[in-house]
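J.: Sending over data_32.tsv (TSV, C-alpha atoms).
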chain	number	residue	atom	x	y	z
A	1	MET	CA	121.68	98.93	107.22
A	2	SER	CA	119.46	96.12	108.49
A	3	SER	CA	120.16	92.48	107.77
A	4	PHE	CA	118.95	88.94	108.29
A	5	LYS	CA	121.61	86.22	108.13
A	6	SER	CA	123.85	89.01	106.80
A	7	LEU	CA	121.49	89.50	103.83
A	8	ASP	CA	120.27	92.99	102.99
A	9	LEU	CA	116.70	91.95	102.22
A	10	PHE	CA	114.94	95.24	102.87
A	11	GLY	CA	117.49	97.93	102.07
A	12	SER	CA	115.90	98.91	98.76
A	13	GLY	CA	113.42	101.11	100.58
A	14	PRO	CA	112.56	102.63	103.94
A	15	HIS	CA	111.54	100.13	106.60
A	16	ARG	CA	110.79	100.20	110.30
A	17	PHE	CA	111.28	97.74	113.13
A	18	SER	CA	108.91	97.02	115.97
A	19	VAL	CA	108.78	94.39	118.68
A	20	GLY	CA	105.67	92.37	119.39
A	21	LYS	CA	103.86	91.75	122.65
A	22	ARG	CA	105.99	90.48	125.49
A	23	GLY	CA	105.11	88.81	128.79
A	24	GLU	CA	103.35	85.60	129.71
A	25	LEU	CA	101.04	83.62	127.49
A	26	ALA	CA	97.79	83.24	129.45
A	27	VAL	CA	95.08	80.97	128.12
A	28	PRO	CA	91.52	80.91	129.56
A	29	ALA	CA	91.19	77.83	131.73
A	30	TYR	CA	88.06	76.61	129.99
A	31	VAL	CA	89.98	76.30	126.72
A	32	LEU	CA	92.16	73.67	128.34
A	33	GLY	CA	89.21	71.76	129.75
A	34	GLY	CA	88.88	73.59	133.02
A	35	SER	CA	85.94	75.54	134.33
A	36	GLY	CA	85.43	79.03	135.65
A	37	SER	CA	87.01	82.28	134.58
A	38	GLY	CA	90.62	81.67	135.51
A	39	SER	CA	93.66	81.58	133.25
A	40	THR	CA	96.44	79.12	132.82
A	41	ILE	CA	99.93	80.45	132.27
A	42	LEU	CA	101.69	78.48	129.58
A	43	GLY	CA	105.00	80.31	129.63
A	44	PRO	CA	106.69	83.36	128.15
A	45	ILE	CA	105.38	84.73	124.86
A	46	GLU	CA	107.78	84.10	122.01
A	47	LEU	CA	109.64	87.17	120.87
A	48	ASP	CA	108.34	88.72	117.64
A	49	VAL	CA	110.17	91.36	115.65
A	50	ILE	CA	108.11	92.95	112.89
A	51	ILE	CA	109.46	94.87	109.93
A	52	THR	CA	107.15	97.02	107.83
A	53	GLY	CA	108.48	98.81	104.79
A	54	ARG	CA	108.55	99.12	101.07
A	55	LEU	CA	110.60	97.28	98.47
A	56	ILE	CA	111.55	99.68	95.67
A	57	ALA	CA	112.98	98.94	92.24
A	58	SER	CA	113.35	100.61	88.88
A	59	THR	CA	111.76	97.78	86.93
A	60	GLU	CA	109.15	95.10	87.43
A	61	ALA	CA	111.79	92.37	87.12
A	62	ASN	CA	114.05	93.98	89.70
A	63	LEU	CA	111.17	94.27	92.13
A	64	TRP	CA	110.33	90.60	91.66
A	65	ALA	CA	113.93	89.75	92.48
A	66	LEU	CA	113.60	91.62	95.77
A	67	ARG	CA	110.24	90.04	96.54
A	68	ASP	CA	111.47	86.54	95.78
A	69	ALA	CA	114.59	87.02	97.88
A	70	ALA	CA	112.52	88.06	100.90
A	71	ALA	CA	109.93	85.32	100.44
A	72	ALA	CA	112.63	82.69	100.03
A	73	GLN	CA	113.96	83.42	103.51
A	74	ALA	CA	110.49	82.82	104.92
A	75	GLY	CA	110.33	79.40	103.28
A	76	HIS	CA	110.04	75.95	104.77
A	77	PRO	CA	111.69	74.51	106.81
A	78	PRO	CA	112.39	77.44	109.12
A	79	SER	CA	116.04	78.29	109.51
A	80	PRO	CA	116.88	80.65	112.37
A	81	GLY	CA	119.40	83.44	111.90
A	82	THR	CA	120.53	86.76	113.29
A	83	LEU	CA	118.40	89.82	112.66
A	84	ILE	CA	119.93	93.28	112.92
A	85	ASP	CA	117.97	96.51	112.72
A	86	ASN	CA	118.93	99.86	111.18
A	87	HIS	CA	120.63	100.98	114.38
A	88	GLY	CA	122.61	97.85	115.16
A	89	ARG	CA	120.22	96.14	117.58
A	90	ILE	CA	120.80	92.39	117.31
A	91	TRP	CA	118.31	89.55	117.79
A	92	THR	CA	119.78	86.07	117.55
A	93	SER	CA	118.01	82.82	116.68
A	94	MET	CA	115.18	84.53	114.80
A	95	THR	CA	113.04	82.63	112.35
A	96	PHE	CA	111.60	84.50	109.37
A	97	LEU	CA	108.03	83.39	110.02
A	98	THR	CA	105.85	85.23	107.52
A	99	TYR	CA	106.25	87.68	104.65
A	100	GLN	CA	103.03	89.49	103.74
A	101	GLU	CA	102.72	91.98	100.89
A	102	GLN	CA	100.11	94.67	100.41
A	103	ASP	CA	97.32	94.10	97.91
A	104	ARG	CA	98.94	95.97	95.03
A	105	THR	CA	102.19	96.82	93.36
A	106	ASP	CA	102.58	100.58	93.07
A	107	ARG	CA	103.78	101.71	89.66
A	108	GLY	CA	104.66	105.37	89.56
A	109	ARG	CA	108.09	106.92	89.21
A	110	THR	CA	109.33	103.63	90.65
A	111	VAL	CA	107.92	100.14	91.04
A	112	SER	CA	107.34	99.33	94.68
A	113	ILE	CA	105.31	97.28	97.13
A	114	HIS	CA	104.59	97.58	100.83
A	115	TYR	CA	105.19	94.54	103.05
A	116	LYS	CA	105.16	93.22	106.57
A	117	ALA	CA	107.77	90.68	107.64
A	118	THR	CA	107.44	88.86	110.94
A	119	PHE	CA	110.36	87.20	112.68
A	120	ARG	CA	109.97	85.00	115.76
A	121	ARG	CA	112.32	83.44	118.26
A	122	LEU	CA	110.67	80.06	118.51
A	123	ALA	CA	110.63	78.50	121.98
B	1	MET	CA	97.89	123.74	82.15
B	2	LEU	CA	95.48	126.49	81.14
B	3	THR	CA	94.68	127.58	77.62
B	4	LEU	CA	92.58	130.66	76.98
B	5	THR	CA	90.62	130.99	73.75
B	6	PRO	CA	92.10	127.89	72.12
B	7	ALA	CA	91.70	127.51	68.41
B	8	HIS	CA	89.78	124.72	66.71
B	9	VAL	CA	88.68	122.50	69.55
B	10	THR	CA	87.37	119.09	68.51
B	11	PHE	CA	85.95	116.20	70.48
B	12	ALA	CA	84.94	112.84	69.01
B	13	GLY	CA	85.07	114.32	65.54
B	14	GLN	CA	82.88	117.31	66.31
B	15	VAL	CA	84.03	120.91	66.43
B	16	TRP	CA	83.34	122.70	69.69
B	17	PRO	CA	82.94	126.41	68.83
B	18	ASP	CA	83.44	129.47	71.02
B	19	VAL	CA	85.61	127.77	73.62
B	20	ALA	CA	86.72	130.31	76.20
B	21	ALA	CA	89.21	128.17	78.10
B	22	ILE	CA	90.51	124.66	78.61
B	23	SER	CA	92.21	123.70	81.83
B	24	VAL	CA	94.14	120.49	82.35
B	25	ASP	CA	94.61	119.63	86.01
B	26	ARG	CA	96.70	116.77	87.31
B	27	ARG	CA	96.56	115.25	90.77
B	28	ALA	CA	97.51	112.10	92.57
B	29	THR	CA	94.62	109.93	93.64
B	30	ARG	CA	96.94	107.65	95.55
B	31	GLU	CA	100.04	108.93	97.32
B	32	VAL	CA	102.73	106.69	98.69
B	33	VAL	CA	104.66	108.39	101.46
B	34	GLU	CA	107.05	106.44	103.67
B	35	TRP	CA	109.21	107.22	106.66
B	36	SER	CA	112.18	105.22	107.90
B	37	ASP	CA	113.72	104.47	111.28
B	38	ALA	CA	116.41	107.06	110.59
B	39	GLY	CA	114.53	110.22	111.49
B	40	PRO	CA	111.49	112.43	111.15
B	41	HIS	CA	111.50	113.18	107.45
B	42	VAL	CA	109.86	111.49	104.51
B	43	ALA	CA	112.22	108.93	103.03
B	44	PHE	CA	110.20	107.97	99.97
B	45	ALA	CA	107.29	109.39	98.02
B	46	ASP	CA	105.58	108.40	94.81
B	47	CYS	CA	102.25	108.87	93.05
B	48	PRO	CA	101.27	105.49	91.64
B	49	GLU	CA	97.71	106.51	90.82
B	50	GLN	CA	96.94	109.80	89.13
B	51	ARG	CA	94.15	111.49	87.23
B	52	ILE	CA	94.02	114.28	84.71
B	53	ASP	CA	90.85	116.37	84.78
B	54	ILE	CA	90.01	118.59	81.84
B	55	THR	CA	87.52	121.42	82.00
B	56	VAL	CA	86.27	123.03	78.81
B	57	THR	CA	84.37	126.29	79.15
B	58	MET	CA	82.50	127.55	76.12
B	59	HIS	CA	80.21	130.46	75.29
B	60	LEU	CA	76.78	129.58	74.01
B	61	THR	CA	75.29	131.72	71.30
B	62	GLY	CA	71.90	131.43	69.68
B	63	ARG	CA	68.71	130.21	71.25
B	64	ALA	CA	68.83	126.44	71.49
B	65	HIS	CA	71.58	123.93	72.17
B	66	PHE	CA	70.73	120.26	72.00
B	67	ASP	CA	74.17	119.08	71.03
B	68	ALA	CA	75.82	118.76	74.43
B	69	PRO	CA	77.96	115.67	74.93
B	70	ARG	CA	76.75	113.14	77.47
B	71	PRO	CA	78.48	111.64	80.48
B	72	GLY	CA	80.32	108.52	79.48
B	73	GLN	CA	80.87	109.66	75.92
B	74	GLY	CA	84.46	109.13	74.85
B	75	GLY	CA	86.65	110.32	72.05
B	76	ASP	CA	89.68	112.29	71.00
B	77	LEU	CA	89.85	115.80	72.42
B	78	ALA	CA	92.22	118.07	70.51
B	79	PHE	CA	92.94	121.78	70.45
B	80	PHE	CA	95.54	124.35	69.51
B	81	PRO	CA	96.69	126.82	72.17
B	82	ALA	CA	97.16	129.44	69.42
B	83	PRO	CA	99.75	131.60	71.17
B	84	GLY	CA	99.89	134.24	68.47
B	85	GLY	CA	98.79	135.19	64.99
B	86	SER	CA	101.50	133.22	63.26
B	87	ASP	CA	101.15	129.58	62.30
B	88	GLY	CA	104.88	129.02	62.90
B	89	GLY	CA	105.60	126.45	65.58
B	90	ARG	CA	102.01	125.67	66.38
B	91	ILE	CA	101.32	123.19	69.12
B	92	ARG	CA	98.53	120.65	69.07
B	93	ILE	CA	97.38	119.15	72.33
B	94	SER	CA	95.35	115.96	72.22
B	95	THR	CA	94.13	113.15	74.43
B	96	GLN	CA	91.62	110.39	74.69
B	97	ALA	CA	88.96	111.63	77.08
B	98	VAL	CA	85.63	110.66	78.57
B	99	VAL	CA	82.96	113.16	79.51
B	100	LEU	CA	82.13	113.22	83.21
B	101	GLY	CA	79.61	116.03	83.32
B	102	ILE	CA	78.08	119.06	81.64
B	103	ALA	CA	76.79	122.15	83.41
B	104	HIS	CA	75.36	125.48	82.26
B	105	ASP	CA	75.66	128.88	83.86
B	106	LEU	CA	73.38	131.74	82.93
B	107	ALA	CA	74.88	134.26	85.34
B	108	GLY	CA	77.71	135.39	83.10
B	109	LYS	CA	77.79	138.89	81.65
B	110	LYS	CA	78.57	137.59	78.17
B	111	GLY	CA	75.67	135.18	78.02
B	112	ALA	CA	75.39	131.52	78.85
B	113	LEU	CA	78.40	129.37	79.59
B	114	ARG	CA	78.68	125.63	79.17
B	115	THR	CA	81.24	123.79	81.27
B	116	ILE	CA	82.22	120.28	80.24
B	117	ARG	CA	84.24	118.12	82.62
B	118	LEU	CA	86.28	115.32	81.12
B	119	ILE	CA	88.86	112.87	82.34
B	120	ALA	CA	91.89	111.92	80.25
B	121	VAL	CA	92.39	108.21	79.56
B	122	SER	CA	95.72	106.59	78.87
B	123	PRO	CA	95.91	104.11	75.99
B	124	ASN	CA	97.49	101.49	78.24
B	125	GLY	CA	97.57	102.83	81.77
B	126	ALA	CA	101.28	103.63	81.62
B	127	LEU	CA	101.59	106.28	78.91
B	128	ASP	CA	100.74	109.88	79.74
B	129	PRO	CA	97.33	110.54	78.18
B	130	ILE	CA	98.23	114.07	77.10
B	131	SER	CA	100.14	114.44	73.83
B	132	ILE	CA	101.76	117.72	72.87
B	133	ASP	CA	102.88	117.81	69.25
B	134	GLN	CA	104.49	120.41	67.01
B	135	VAL	CA	102.47	120.70	63.84
Rewrite the coordinates I just gave you, this time as structure tokens.
T.:
Amino acid sequence: MSSFKSLDLFGSGPHRFSVGKRGELAVPAYVLGGSGSGSTILGPIELDVIITGRLIASTEANLWALRDAAAAQAGHPPSPGTLIDNHGRIWTSMTFLTYQEQDRTDRGRTVSIHYKATFRRLA
Amino acid sequence: MLTLTPAHVTFAGQVWPDVAAISVDRRATREVVEWSDAGPHVAFADCPEQRIDITVTMHLTGRAHFDAPRPGQGGDLAFFPAPGGSDGGRIRISTQAVVLGIAHDLAGKKGALRTIRLIAVSPNGALDPISIDQV
């Protein structure tokens, strides 16, 4: 079971973890007032962990409870916590940066919605 | 669902005579299929958008037929499967439907055939459009 700050936010449905781009953050020199085609290295890219999945409930109200619980953790001000994936991989000091839902709630046998949640270890 | 030679087919208050068959086909127009991090198999599936297509095939007799329904025309479609000669335990199938198309085929051995395509419409988007009632 995955968790963020020990909360099971996404366990109602299948979800998958991925890690964002890693390496150095290079900015074109001209953006920073320089000239030519060179780049300026600003430092390491912040770590992103992305969860995509589906919240699933039996009723509209239950789905809203799941949606609100996830969105609340992405609220302001950011509050870092520990993120753990479905296989026990741990990322500490992660901020729940954004929670983005798909354009529609799917109402079939169940009530569900697809989402993308982005966590970042802020520098 | 397929009904051959249904009895007393009506649409929008009009009787459709000489109906050879009515088929009711269901399919998902939007499938939700999800996998998880646990393994290779589908972990969740649902069909949140579906459609029910109805095809009515009828024999045409006589020389002229100007009474065909038109695309966009809506109304109640109802018929009886008529499983046997007895009236005991008859079933009535009905739905709100909208005509999508009409086509004619002159190649049949028994004369001309008219095929009417309809789509079933739910009263509120959640209820199944097809009603099956004992009468």
J.: So which one's closest to chain A, B:Ala103, B:Val135, B:Val56, B:Ala28? Using only C-alpha atoms, please.
T.: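 Comparing B:Ala103, B:Val135, B:Val56, B:Ala28 against chain A, the winner is B:Ala28.
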J.: Would you compute the distance between CA of Leu83 (chain A) and CA of Val33 (chain B)? Give it in Å to one decimal.
T.: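 Answer for the CA of Leu83 (chain A) to CA of Val33 (chain B) separation: 25.7 Å.
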J.: Excluding Ala123 (chain A) and its own-chain neighbours fewer than 5 positions away, which residues fall within 9 Å of it when counting only C-alpha atoms? Please give them as a ChimeraX atom specification.
T.: /A:44-47
J.: Find the nearest atom pair between each residue of chain B and chain A for residues within 9 Å, count only C-alpha atoms, give distances in Å to one decimal, sort rows by chain and ascending number, and present the table as a tab-separated table.
T.:
residue	atom	partner	partner_atom	distance
B:Val32	CA	A:Asp106	CA	8.3
B:Glu34	CA	A:Pro14	CA	6.7
B:Trp35	CA	A:Pro14	CA	6.3
B:Ser36	CA	A:Pro14	CA	4.7
B:Asp37	CA	A:Arg16	CA	5.3
B:Ala38	CA	A:Asn86	CA	7.7
B:Ala43	CA	A:Pro14	CA	6.4
B:Phe44	CA	A:Pro14	CA	7.1
B:Asp46	CA	A:Gly108	CA	6.1
B:Cys47	CA	A:Gly108	CA	5.5
B:Pro48	CA	A:Gly108	CA	4.0
B:Glu49	CA	A:Gly108	CA	7.2
B:Gln50	CA	A:Gly108	CA	8.9
B:Ala126	CA	A:Arg107	CA	8.6
J.: Edge lengths and centre, in Å to one decimal, as AutoDock Vina command-line options: that's what I need for the box along x, y and z that holds all listed atoms of region 111-119 of chain B plus 3 Å on each side.
T.:
--center_x 82.1 --center_y 124.0 --center_z 80.3 --size_x 19.5 --size_y 28.3 --size_z 10.6
J.: Taking 5 positions as the minimum chain separation for residues in the same chain, which residues sit within 9 Å of Leu9 (chain A) when counting only C-alpha atoms? Answer as an NGL selection string.
T.: :A and (2-4 or 55 or 66-67 or 69-70)
J.: Would you work out the distance separating CA of Arg120 (chain A) from CA of Gly39 (chain B), expressed in Å to one decimal?
T.: 26.0 Å
J.: I'd like to know which of B:Gly62, B:Pro129, B:Pro6, B:Pro69 is closest to Ile116 (chain B), using all atoms listed in the file.
T.: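 Checking each of B:Gly62, B:Pro129, B:Pro6, B:Pro69 against Ile116 (chain B), counting all atoms listed in the file, the winner is B:Pro69.
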J.: Excluding same-chain residues fewer than 6 positions from Ile93 (chain B), what lies within 8 Å of it counting only C-alpha atoms, as JSON, numbers by chain?
T.: {"B": [78, 79, 80, 81, 130, 131, 132, 133]}
J.: For the residues in the current selection, export C-alpha atoms as a short mmCIF file (atom, residue, chain, number, x, y, z; two decimals), in the frame of the given file.
T.:
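The resulting file, selection-v9.cif, is reproduced below:
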data_model
loop_
_atom_site.label_atom_id
_atom_site.label_comp_id
_atom_site.auth_asym_id
_atom_site.auth_seq_id
_atom_site.Cartn_x
_atom_site.Cartn_y
_atom_site.Cartn_z
CA ALA B 78 92.22 118.07 70.51
CA PHE B 79 92.94 121.78 70.45
CA PHE B 80 95.54 124.35 69.51
CA PRO B 81 96.69 126.82 72.17
CA ILE B 130 98.23 114.07 77.10
CA SER B 131 100.14 114.44 73.83
CA ILE B 132 101.76 117.72 72.87
CA ASP B 133 102.88 117.81 69.25
#
J.: List the residues sitting within 8 Å of (86.0, 127.3, 73.5) in the file's frame, using all atoms listed in the file, as a list of chain:residue names.
T.: B:Thr5, B:Pro6, B:Ala7, B:Val9, B:Trp16, B:Pro17, B:Asp18, B:Val19, B:Ala20, B:Ala21, B:Ile22, B:Val56, B:Thr57, B:Met58, B:His59
J.: Between B:Val121, B:Leu60, B:Ala68, B:Ile91, which one has atoms that come closest to Leu106 (chain B), using only C-alpha atoms?
T.: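 Nearest to Leu106 (chain B): B:Leu60.
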J.: By how many Å are CA of Ser79 (chain A) and CA of Lys116 (chain A) apart?
T.: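 So the two atoms, CA of Ser79 (chain A) and CA of Lys116 (chain A), lie 18.7 Å apart.
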J.: Generate N, CA and C atoms for region 33-63 of chain A and emit them as a tab-separated table (two decimals), in the coordinates of the input.
T.:
chain	number	residue	atom	x	y	z
A	33	GLY	N	90.06	72.77	129.13
A	33	GLY	CA	89.21	71.76	129.75
A	33	GLY	C	88.80	72.09	131.16
A	34	GLY	N	89.25	73.21	131.67
A	34	GLY	CA	88.88	73.59	133.02
A	34	GLY	C	87.54	74.29	133.05
A	35	SER	N	87.19	74.81	134.20
A	35	SER	CA	85.94	75.54	134.33
A	35	SER	C	86.22	76.84	135.05
A	36	GLY	N	85.26	77.74	134.99
A	36	GLY	CA	85.43	79.03	135.65
A	36	GLY	C	86.13	80.03	134.75
A	37	SER	N	86.49	81.16	135.36
A	37	SER	CA	87.01	82.28	134.58
A	37	SER	C	88.52	82.44	134.69
A	38	GLY	N	89.18	81.51	135.30
A	38	GLY	CA	90.62	81.67	135.51
A	38	GLY	C	91.44	81.48	134.25
A	39	SER	N	92.73	81.73	134.36
A	39	SER	CA	93.66	81.58	133.25
A	39	SER	C	94.76	80.61	133.63
A	40	THR	N	95.29	80.00	132.62
A	40	THR	CA	96.44	79.12	132.82
A	40	THR	C	97.64	79.73	132.12
A	41	ILE	N	98.72	79.89	132.86
A	41	ILE	CA	99.93	80.45	132.27
A	41	ILE	C	100.73	79.33	131.61
A	42	LEU	N	100.97	79.52	130.32
A	42	LEU	CA	101.69	78.48	129.58
A	42	LEU	C	103.18	78.75	129.48
A	43	GLY	N	103.58	79.98	129.74
A	43	GLY	CA	105.00	80.31	129.63
A	43	GLY	C	105.20	81.65	128.95
A	44	PRO	N	106.44	82.05	128.76
A	44	PRO	CA	106.69	83.36	128.15
A	44	PRO	C	106.27	83.39	126.68
A	45	ILE	N	105.75	84.54	126.27
A	45	ILE	CA	105.38	84.73	124.86
A	45	ILE	C	106.66	84.75	124.02
A	46	GLU	N	106.61	84.09	122.90
A	46	GLU	CA	107.78	84.10	122.01
A	46	GLU	C	108.02	85.51	121.48
A	47	LEU	N	109.28	85.83	121.33
A	47	LEU	CA	109.64	87.17	120.87
A	47	LEU	C	109.34	87.33	119.37
A	48	ASP	N	108.59	88.37	119.04
A	48	ASP	CA	108.34	88.72	117.64
A	48	ASP	C	109.03	90.04	117.32
A	49	VAL	N	109.67	90.09	116.18
A	49	VAL	CA	110.17	91.36	115.65
A	49	VAL	C	109.52	91.55	114.28
A	50	ILE	N	108.89	92.69	114.10
A	50	ILE	CA	108.11	92.95	112.89
A	50	ILE	C	108.76	94.08	112.09
A	51	ILE	N	108.93	93.84	110.83
A	51	ILE	CA	109.46	94.87	109.93
A	51	ILE	C	108.36	95.25	108.95
A	52	THR	N	108.07	96.53	108.86
A	52	THR	CA	107.15	97.02	107.83
A	52	THR	C	107.94	98.00	106.96
A	53	GLY	N	107.72	97.92	105.67
A	53	GLY	CA	108.48	98.81	104.79
A	53	GLY	C	108.03	98.66	103.36
A	54	ARG	N	108.88	99.11	102.50
A	54	ARG	CA	108.55	99.12	101.07
A	54	ARG	C	109.77	98.68	100.27
A	55	LEU	N	109.57	97.67	99.43
A	55	LEU	CA	110.60	97.28	98.47
A	55	LEU	C	110.46	98.18	97.24
A	56	ILE	N	111.58	98.72	96.78
A	56	ILE	CA	111.55	99.68	95.67
A	56	ILE	C	112.54	99.25	94.60
A	57	ALA	N	112.10	99.29	93.35
A	57	ALA	CA	112.98	98.94	92.24
A	57	ALA	C	112.67	99.85	91.05
A	58	SER	N	113.55	99.79	90.07
A	58	SER	CA	113.35	100.61	88.88
A	58	SER	C	112.54	99.89	87.82
A	59	THR	N	112.51	98.56	87.91
A	59	THR	CA	111.76	97.78	86.93
A	59	THR	C	110.95	96.71	87.63
A	60	GLU	N	109.99	96.18	86.91
A	60	GLU	CA	109.15	95.10	87.43
A	60	GLU	C	110.02	93.88	87.79
A	61	ALA	N	110.94	93.55	86.90
A	61	ALA	CA	111.79	92.37	87.12
A	61	ALA	C	112.67	92.54	88.35
A	62	ASN	N	113.21	93.75	88.52
A	62	ASN	CA	114.05	93.98	89.70
A	62	ASN	C	113.25	93.90	90.99
A	63	LEU	N	112.00	94.37	90.93
A	63	LEU	CA	111.17	94.27	92.13
A	63	LEU	C	110.87	92.81	92.45
